[in-house]
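What follows is entry.csv (CSV, C-alpha atoms).
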chain,number,residue,atom,x,y,z
X,151,MET,CA,110.8,105.1,104.4
X,152,ILE,CA,107.1,105.9,104.5
X,153,LYS,CA,106.4,108.4,107.3
X,154,PHE,CA,102.7,108.7,107.0
X,155,SER,CA,100.2,106.4,108.7
X,156,LEU,CA,97.6,104.9,106.3
X,157,PHE,CA,95.4,104.3,109.3
X,158,GLU,CA,95.5,108.0,110.3
X,159,PHE,CA,94.8,109.0,106.7
X,160,ILE,CA,91.9,106.6,106.4
X,161,ASN,CA,90.4,107.8,109.7
X,162,SER,CA,90.7,111.4,108.5
X,163,ILE,CA,88.2,110.6,105.7
X,164,GLY,CA,85.5,110.4,108.4
X,165,GLU,CA,82.0,109.9,107.2
X,166,LYS,CA,82.7,110.9,103.7
X,167,GLN,CA,81.5,108.5,101.0
X,168,LEU,CA,84.5,106.6,99.7
X,169,ALA,CA,85.1,106.5,96.0
X,170,ILE,CA,87.7,103.8,96.4
X,171,LYS,CA,86.1,100.7,98.0
X,172,ALA,CA,88.6,97.9,97.3
X,173,ILE,CA,92.3,97.2,96.9
X,174,ILE,CA,93.5,94.1,95.1
X,175,PHE,CA,97.1,92.9,95.6
X,176,ASP,CA,99.3,90.6,93.5
X,177,MET,CA,101.3,88.0,95.4
X,178,GLU,CA,104.7,87.2,93.9
X,179,GLY,CA,107.0,90.2,93.7
X,180,VAL,CA,104.6,92.3,95.8
X,181,LEU,CA,103.5,90.5,99.0
X,182,MET,CA,105.7,87.5,98.5
X,183,LYS,CA,109.4,88.4,98.3
X,184,THR,CA,112.7,86.6,97.6
X,185,GLY,CA,115.1,89.2,99.1
X,186,ASP,CA,117.3,91.2,96.7
X,187,MET,CA,116.8,88.7,93.8
X,188,ASP,CA,113.7,87.9,91.9
X,189,LEU,CA,112.5,84.3,91.7
X,190,PRO,CA,114.2,83.4,88.4
X,191,ALA,CA,117.5,84.7,89.8
X,192,CYS,CA,117.0,82.5,92.9
X,193,TRP,CA,116.3,79.5,90.7
X,194,ALA,CA,119.3,80.3,88.5
X,195,LYS,CA,121.6,80.5,91.5
X,196,ALA,CA,120.2,77.2,93.0
X,197,LEU,CA,120.6,75.4,89.7
X,198,ASN,CA,123.8,77.0,88.6
X,199,ALA,CA,122.1,78.0,85.4
X,200,PRO,CA,122.2,81.2,83.3
X,201,TYR,CA,119.6,83.8,84.5
X,202,ASP,CA,118.3,84.6,81.0
X,203,ALA,CA,117.6,80.9,80.3
X,204,VAL,CA,115.7,80.5,83.6
X,205,ARG,CA,113.8,83.7,83.0
X,206,ASP,CA,112.8,82.5,79.6
X,207,VAL,CA,111.2,79.4,81.1
X,208,PHE,CA,109.6,81.5,83.9
X,209,PHE,CA,107.8,83.6,81.3
X,210,SER,CA,107.1,80.7,78.9
X,211,GLU,CA,103.8,79.2,77.8
X,212,MET,CA,104.6,76.3,80.1
X,213,ASN,CA,104.6,78.6,83.1
X,214,ASP,CA,101.2,79.9,82.0
X,215,LYS,CA,99.9,76.4,81.7
X,216,ALA,CA,101.0,75.7,85.3
X,217,ASP,CA,99.3,78.9,86.5
X,218,LEU,CA,96.1,77.8,84.6
X,219,GLY,CA,96.2,74.4,86.2
X,220,VAL,CA,96.7,72.7,82.8
X,221,VAL,CA,100.0,71.1,84.0
X,222,SER,CA,101.1,70.2,87.5
X,223,GLN,CA,103.8,71.9,89.5
X,224,LYS,CA,105.9,68.8,89.2
X,225,GLU,CA,105.5,68.8,85.4
X,226,PHE,CA,106.6,72.4,85.3
X,227,ASP,CA,109.6,71.8,87.5
X,228,HIS,CA,110.5,68.9,85.2
X,229,TYR,CA,110.2,71.2,82.2
X,230,LEU,CA,112.4,73.8,83.9
X,231,VAL,CA,115.2,71.4,84.7
X,232,THR,CA,115.2,69.6,81.3
X,233,SER,CA,114.9,72.9,79.3
X,234,LEU,CA,118.1,73.9,81.0
X,235,GLY,CA,119.8,70.7,80.1
X,236,LEU,CA,120.2,69.6,83.7
X,237,ASP,CA,120.0,66.3,85.4
X,238,MET,CA,116.7,65.3,87.0
X,239,ASP,CA,118.4,65.1,90.5
X,240,MET,CA,118.3,68.9,90.4
X,241,MET,CA,114.5,69.0,90.6
X,242,PRO,CA,114.4,69.1,94.4
X,243,ARG,CA,116.4,72.4,94.3
X,244,VAL,CA,113.5,74.1,92.5
X,245,GLN,CA,111.0,73.4,95.2
X,246,LYS,CA,113.6,74.2,97.9
X,247,VAL,CA,113.8,77.7,96.6
X,248,ILE,CA,110.0,78.1,97.1
X,249,ASP,CA,110.1,76.6,100.6
X,250,LYS,CA,113.3,78.3,101.9
X,251,GLN,CA,113.7,81.6,100.0
X,252,CYS,CA,110.1,82.9,99.5
X,253,TYR,CA,108.7,84.9,102.4
X,254,ILE,CA,105.9,87.4,103.1
X,255,ASP,CA,106.8,91.1,103.4
X,256,GLN,CA,105.5,91.6,106.9
X,257,GLU,CA,105.5,95.4,106.8
X,258,LEU,CA,103.2,95.3,103.7
X,259,ALA,CA,101.1,92.6,105.4
X,260,ASP,CA,100.6,94.9,108.4
X,261,LYS,CA,99.6,97.8,106.1
X,262,ILE,CA,97.1,95.5,104.4
X,263,LEU,CA,95.5,94.6,107.7
X,264,GLU,CA,95.2,98.4,108.4
X,265,LEU,CA,93.6,99.0,105.0
X,266,LYS,CA,91.1,96.1,105.6
X,267,GLN,CA,89.5,98.1,108.4
X,268,THR,CA,88.1,100.5,105.7
X,269,TYR,CA,88.4,98.8,102.3
X,270,LYS,CA,87.6,95.4,100.8
X,271,ILE,CA,90.9,93.6,100.2
X,272,GLY,CA,91.5,91.0,97.5
X,273,LEU,CA,94.4,88.9,96.3
X,274,LEU,CA,94.7,88.1,92.6
X,275,SER,CA,97.6,85.9,91.7
X,276,ASN,CA,98.9,84.0,88.7
X,277,TYR,CA,100.1,80.9,90.4
X,278,SER,CA,100.1,77.1,90.5
X,279,LYS,CA,98.4,74.8,93.0
X,280,MET,CA,101.1,75.2,95.7
X,281,LEU,CA,100.1,78.8,96.5
X,282,ARG,CA,96.9,77.9,98.4
X,283,ASP,CA,98.7,75.7,100.9
X,284,LYS,CA,101.4,78.4,101.4
X,285,ILE,CA,98.8,81.1,102.1
X,286,GLU,CA,96.7,79.0,104.5
X,287,ASN,CA,99.3,77.0,106.2
X,288,ASP,CA,103.0,78.0,105.8
X,289,TRP,CA,102.3,81.8,105.9
X,290,ASP,CA,98.9,81.8,107.5
X,291,ILE,CA,97.8,85.1,105.8
X,292,ASN,CA,94.4,84.2,104.4
X,293,HIS,CA,92.9,86.5,107.1
X,294,LEU,CA,94.4,89.5,105.3
X,295,PHE,CA,91.9,89.1,102.4
X,296,ASP,CA,88.2,89.3,101.8
X,297,ASP,CA,88.7,87.2,98.7
X,298,ILE,CA,91.6,85.2,97.2
X,299,ILE,CA,91.8,84.3,93.5
X,300,ILE,CA,94.6,82.0,92.4
X,301,SER,CA,94.7,81.5,88.6
X,302,TYR,CA,95.0,77.7,88.7
X,303,GLU,CA,91.8,77.4,90.7
X,304,VAL,CA,89.7,79.4,88.2
X,305,GLY,CA,91.4,78.5,84.9
X,306,LEU,CA,92.1,82.2,84.1
X,307,ILE,CA,95.3,84.3,84.3
X,308,LYS,CA,96.1,88.0,84.3
X,309,PRO,CA,95.8,90.1,82.2
X,310,ASP,CA,92.7,88.2,80.8
X,311,PRO,CA,89.8,90.6,81.3
X,312,ALA,CA,87.7,87.7,82.6
X,313,ILE,CA,89.9,87.3,85.7
X,314,PHE,CA,89.5,91.0,86.5
X,315,ASP,CA,85.7,90.7,86.0
X,316,LEU,CA,85.7,87.7,88.4
X,317,ALA,CA,87.8,89.6,91.0
X,318,LEU,CA,85.4,92.6,90.9
X,319,SER,CA,82.3,90.4,91.0
X,320,ARG,CA,83.5,88.3,94.0
X,321,LEU,CA,84.3,91.5,96.0
X,322,GLY,CA,81.0,93.1,94.9
X,323,ILE,CA,82.6,96.3,93.6
X,324,SER,CA,83.1,98.1,90.2
X,325,ALA,CA,86.3,98.8,88.3
X,326,HIS,CA,86.4,102.5,89.1
X,327,ASP,CA,86.0,101.8,92.8
X,328,THR,CA,89.1,99.6,92.8
X,329,VAL,CA,92.9,99.9,93.0
X,330,PHE,CA,95.1,97.0,91.8
X,331,ILE,CA,98.8,96.6,92.7
X,332,ASP,CA,101.0,94.4,90.6
X,333,ASP,CA,104.7,94.2,89.6
X,334,ARG,CA,104.2,93.2,86.0
X,335,ILE,CA,103.5,96.0,83.6
X,336,LYS,CA,101.3,93.9,81.2
X,337,ASN,CA,99.0,93.2,84.2
X,338,ILE,CA,98.9,96.9,85.0
X,339,HIS,CA,98.0,97.7,81.4
X,340,GLY,CA,95.3,95.1,81.4
X,341,ALA,CA,93.8,96.4,84.6
X,342,ARG,CA,93.8,100.0,83.4
X,343,GLN,CA,92.1,99.0,80.1
X,344,HIS,CA,89.5,97.4,82.3
X,345,GLY,CA,88.9,100.8,84.1
X,346,ILE,CA,90.7,99.8,87.3
X,347,HIS,CA,93.1,102.2,89.0
X,348,ALA,CA,96.4,100.3,88.7
X,349,ILE,CA,99.7,100.9,90.5
X,350,HIS,CA,102.9,99.4,89.1
X,351,TYR,CA,104.8,98.0,92.1
X,352,GLN,CA,108.5,98.6,92.3
X,353,THR,CA,109.1,99.0,96.0
X,354,ARG,CA,106.9,98.8,99.0
X,355,GLU,CA,107.4,102.5,99.8
X,356,GLN,CA,106.7,103.6,96.3
X,357,ALA,CA,103.6,101.5,96.0
X,358,LEU,CA,102.1,102.7,99.3
X,359,ALA,CA,102.8,106.3,98.4
X,360,ASP,CA,101.1,105.8,95.0
X,361,LEU,CA,98.2,104.1,96.8
X,362,ASN,CA,97.9,107.0,99.2
X,363,ALA,CA,97.9,109.4,96.2
X,364,VAL,CA,95.1,107.6,94.4
X,365,ILE,CA,93.0,107.4,97.6
X,366,GLU,CA,93.5,111.1,98.3
X,367,ALA,CA,92.7,112.0,94.7
X,368,GLU,CA,89.6,109.8,94.4
X,369,ASN,CA,88.1,110.3,97.8

Is it possible to express this structure as structure tokens?
Amino acid sequence: MIKFSLFEFINSIGEKQLAIKAIIFDMEGVLMKTGDMDLPACWAKALNAPYDAVRDVFFSEMNDKADLGVVSQKEFDHYLVTSLGLDMDMMPRVQKVIDKQCYIDQELADKILELKQTYKIGLLSNYSKMLRDKIENDWDINHLFDDIIISYEVGLIKPDPAIFDLALSRLGISAHDTVFIDDRIKNIHGARQHGIHAIHYQTREQALADLNAVIEAEN
């Protein structure tokens, strides 16, 4: 468990000019959690379907299209169910997983609120239309961020360099001033190639420790 206080560390910087000016977080798998299982595993259990088959759909071109806003969430859910050879009456189970099993990591949310006292905070998520309503209504966490970019709203998905450019521009900062935290390695590689400090999220404790190390090294 993390023993240090990020707030205490940030205050210790004093009046020194900060090299790191912004921290950008991913949503699913970082701030949004599904317990001990990842989202494909939750869907596999709900649909009584093989995990590998569900995961293939989850990382498919169709999923990218949903994240880009090219197809609707309903169309993606239909694709998921039919690709697995299931009856259409299974479709409500897909949405139920989102509604009932996805939750916000409150400890991480509290840390983000601490960090926001000193750094600009962004959210950069590959997700379909449903996420905006979740953020603003179901979870009520939009106050955690100075800017929120959801892929379907801008027609871009990570790791496209253009979406990193957009995130930096909207926060008014440069790549080398920024730390990006994501659980998908391809997005980490994309951010690093863009000159952004990137942390591969595996656990909350590890990610916060790595974040502290970057801040300490850069500041």

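Between Val304 (chain X) and the residues X:Val220, X:Met238, X:Ile248, X:Ala169, the shortest atom-to-atom distance, using only C-alpha atoms, involves X:Val220.
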
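The nearest approach to Arg320 (chain X) among the residues X:Gln352, X:Asp288, X:Arg205, X:Gly272, with all atoms listed in the file taken into account, belongs to X:Gly272.
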
Checklist entry - Skipping near chain neighbours, those fewer than 4 positions away, what residues fall within 12 Å of Lys195 (chain X) using only C-alpha atoms, listed as a ChimeraX atom specification? => result /X:187-191,199-205,243-244,247,251

C-alpha atoms of the current selection, written as an mmCIF file, keeping the file's coordinate frame:
data_model
loop_
_atom_site.group_PDB
_atom_site.id
_atom_site.type_symbol
_atom_site.label_atom_id
_atom_site.label_comp_id
_atom_site.auth_asym_id
_atom_site.auth_seq_id
_atom_site.Cartn_x
_atom_site.Cartn_y
_atom_site.Cartn_z
ATOM 1 C CA MET X 187 116.800 88.700 93.800
ATOM 2 C CA ASP X 188 113.700 87.900 91.900
ATOM 3 C CA LEU X 189 112.500 84.300 91.700
ATOM 4 C CA PRO X 190 114.200 83.400 88.400
ATOM 5 C CA ALA X 191 117.500 84.700 89.800
ATOM 6 C CA ALA X 199 122.100 78.000 85.400
ATOM 7 C CA PRO X 200 122.200 81.200 83.300
ATOM 8 C CA TYR X 201 119.600 83.800 84.500
ATOM 9 C CA ASP X 202 118.300 84.600 81.000
ATOM 10 C CA ALA X 203 117.600 80.900 80.300
ATOM 11 C CA VAL X 204 115.700 80.500 83.600
ATOM 12 C CA ARG X 205 113.800 83.700 83.000
ATOM 13 C CA ARG X 243 116.400 72.400 94.300
ATOM 14 C CA VAL X 244 113.500 74.100 92.500
ATOM 15 C CA VAL X 247 113.800 77.700 96.600
ATOM 16 C CA GLN X 251 113.700 81.600 100.000
#

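For the pair CA of Ala172 (chain X) and CA of Asp283 (chain X), the interatomic distance is 24.7 Å.
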
Next on the checklist: Taking only C-alpha atoms into account, name the residue in X:Phe295, X:Asp249, X:Ile307, X:Asp237 that is nearest to Glu264 (chain X).
Outcome noted: X:Phe295

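The two atoms in question, CA of Leu273 (chain X) and CA of Ile313 (chain X), are spaced 11.6 Å apart.
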
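In this comparison, which uses all atoms listed in the file, the residue of X:His228, X:Lys171, X:Lys183, X:Lys246 approaching Ser324 (chain X) most closely is X:Lys171.
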
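The residue that comes closest to Ile262 (chain X), out of X:Ala359, X:Ile285, X:Leu234, X:Ile291 and on the basis of only C-alpha atoms, is X:Ile291.
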
Checklist entry - Could you name the residues that touch Ala317 (chain X) at 12 Å or less, counting all atoms listed in the file, but leaving out those on the same chain fewer than 2 positions away, as a PyMOL selection string? => result chain X and resi 172-176+270-275+296-301+304+306-315+319-325+328-330+341+344+346

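The space between CA of Thr268 (chain X) and CA of Tyr302 (chain X) spans 29.3 Å.
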
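The shortest atom-to-atom distance to Trp193 (chain X), with all atoms listed in the file taken into account, belongs to X:Gln245 out of X:Gln356, X:Ser210, X:Gln256, X:Gln245.
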